[in-house]
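Below: one structure, written as structure tokens.
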Amino acid sequence: MMILLCFLLLIPIFAEAAPLVPIPNINIGVEAAANPKDVAMSLQILFTLTVLTLAPSILIMMTSFTRIIVVLSFLRSALATQQMPPNQVLVGLALFITFFTMSPYLEQVNKDGLQPYLAGTINQETAMTAALKPMRTFMFKQTRENDLALFVNLSEGPRPNSPDDVPTMTLIPSFIISELKTAFQIGFLIYIPFIVVDMVVASTLMSMGMMMVPPAMISLPFKLLLFILVDGWHLIISSLIASFH
């Protein structure tokens, strides 16, 4: 009680000794635009905020992340391990594998687009074009011709004579569905050995008359053992990375 009383008595002394720190006053308001320049500036700010909000999704869809995370999700479902590995682990692993596979293209983006723009040797439009070029090269390598033709026909635009004539807004959805198809093909191959294990365990339990025992509970240790014996993580990751070359 005495300690609390002494502390309360010393507060005014500390307050007088402490320097006064000015507290900033921030005002955010909405006012009517006085001229067309204000309207253009407001629209530019709105567009910038929209791009910043969607930037993570845009960047993820233009990289190898889609295929990797879908394949890892198929692997967890095939193992029937519920939430193991957790979503945070799968997403983190997919992100780092994405950085690894995309590093040559990201280095080119930094060299041809970002660094010259920061140095002031090129303008913003030229920097965007230079940065987008390696990403388009990557997407063209992974996009199937049929998927690209689908969106070119749906766009009802002029038929492109070269890859440079294909709009980026047409290339991105073509790349995404190509990635999903490839990921589903890899997922099908992952499921096959685990389905065989499930069928063997279910047939064995049925022949032994153990109808009330869930086959999934018995087959899970055998699937984990099979995955460990074949060094499953090494096979999956090496196959994923090799599929981008």
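Just so we're on the same page: first chain in the structure tokens is A, next is B, and so on; residues restart at 1 for each chain, and ligands are numbered from 1 in the order they show up.
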TODO: List the neighbours of region 171-183 of chain A out to 7 Å using only C-alpha atoms; skip same-chain residues closer than 6 positions along the sequence, and give me the result as number ranges by chain.
DONE: A: 61-62, 66-67, 70-71, 139, 142-144, 147-148, 151
Output N, CA, C and O atoms of each residue in that selection to a file, as a compact mmCIF listing (two decimals), in the first residue's frame.
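Output (out.txt):
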```txt
# COMPACT_ATOMS: atom_id res chain seq x y z
N MET A 61 -1.04 -16.52 -58.79
CA MET A 61 -1.59 -17.17 -59.97
C MET A 61 -0.65 -17.13 -61.17
O MET A 61 -0.86 -17.87 -62.13
N MET A 62 0.36 -16.29 -61.14
CA MET A 62 1.29 -16.19 -62.26
C MET A 62 2.58 -16.97 -62.01
O MET A 62 3.53 -16.87 -62.79
N THR A 66 0.36 -22.48 -57.70
CA THR A 66 -0.91 -23.20 -57.86
C THR A 66 -0.70 -24.70 -57.98
O THR A 66 -1.34 -25.50 -57.27
N ARG A 67 0.20 -25.11 -58.87
CA ARG A 67 0.44 -26.54 -59.05
C ARG A 67 0.98 -27.17 -57.78
O ARG A 67 0.55 -28.27 -57.39
N VAL A 70 -1.73 -27.51 -54.89
CA VAL A 70 -2.76 -28.50 -55.21
C VAL A 70 -2.20 -29.91 -55.07
O VAL A 70 -2.86 -30.81 -54.51
N VAL A 71 -0.98 -30.14 -55.54
CA VAL A 71 -0.38 -31.47 -55.42
C VAL A 71 -0.16 -31.84 -53.95
O VAL A 71 -0.43 -32.97 -53.54
N MET A 139 5.07 -18.52 -68.09
CA MET A 139 3.70 -18.99 -68.29
C MET A 139 3.52 -19.66 -69.64
O MET A 139 2.80 -20.66 -69.76
N GLN A 142 4.57 -23.31 -69.57
CA GLN A 142 3.71 -24.22 -68.82
C GLN A 142 2.28 -24.28 -69.34
O GLN A 142 1.49 -25.06 -68.83
N THR A 143 1.93 -23.47 -70.31
CA THR A 143 0.56 -23.40 -70.81
C THR A 143 0.38 -24.31 -72.01
O THR A 143 1.19 -24.29 -72.94
N ARG A 144 -0.69 -25.10 -72.00
CA ARG A 144 -0.99 -25.97 -73.13
C ARG A 144 -1.59 -25.16 -74.27
O ARG A 144 -2.30 -24.18 -74.05
N ASP A 147 -5.47 -24.95 -74.18
CA ASP A 147 -5.99 -24.00 -73.19
C ASP A 147 -5.81 -22.56 -73.67
O ASP A 147 -6.70 -21.72 -73.47
N LEU A 148 -4.68 -22.28 -74.29
CA LEU A 148 -4.46 -20.94 -74.81
C LEU A 148 -5.42 -20.64 -75.96
O LEU A 148 -5.98 -19.53 -76.04
N PHE A 151 -9.06 -19.59 -74.72
CA PHE A 151 -9.29 -18.21 -74.29
C PHE A 151 -9.08 -17.22 -75.43
O PHE A 151 -9.68 -16.15 -75.43
```
What are the closest atom pairs, with distances in Å to one decimal, for each residue of region 57-149 of chain A lying within 12 Å of region 221-230 of chain A, using only C-alpha atoms, rows by chain and rising residue number, as CSV?
```
residue,atom,partner,partner_atom,distance
A:Leu75,CA,A:Phe227,CA,10.4
A:Arg76,CA,A:Leu224,CA,10.9
A:Ser77,CA,A:Lys223,CA,11.8
A:Ala78,CA,A:Lys223,CA,9.0
A:Leu79,CA,A:Lys223,CA,6.5
A:Ala80,CA,A:Lys223,CA,9.0
A:Thr81,CA,A:Leu224,CA,9.1
A:Met84,CA,A:Leu224,CA,11.7
```
Dump as a short mmCIF file (atom, residue, chain, number, x, y, z; two decimals), in the first residue's frame, selection limited to C-alpha atoms:
```cif
data_model
loop_
_atom_site.label_atom_id
_atom_site.label_comp_id
_atom_site.auth_asym_id
_atom_site.auth_seq_id
_atom_site.Cartn_x
_atom_site.Cartn_y
_atom_site.Cartn_z
CA LEU A 75 -0.91 -35.90 -51.10
CA ARG A 76 -2.42 -35.15 -47.70
CA SER A 77 -5.83 -36.40 -48.85
CA ALA A 78 -4.32 -39.60 -50.25
CA LEU A 79 -2.54 -40.27 -46.97
CA ALA A 80 -5.81 -39.59 -45.09
CA THR A 81 -3.91 -37.85 -42.32
CA MET A 84 -1.31 -33.34 -40.89
#
```
- [ ] Work out how far CA of Met135 (chain A) is from CA of Phe244 (chain A), in Å to one decimal.
- [x]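 CA of Phe244 (chain A) sits 13.4 Å away from CA of Met135 (chain A).
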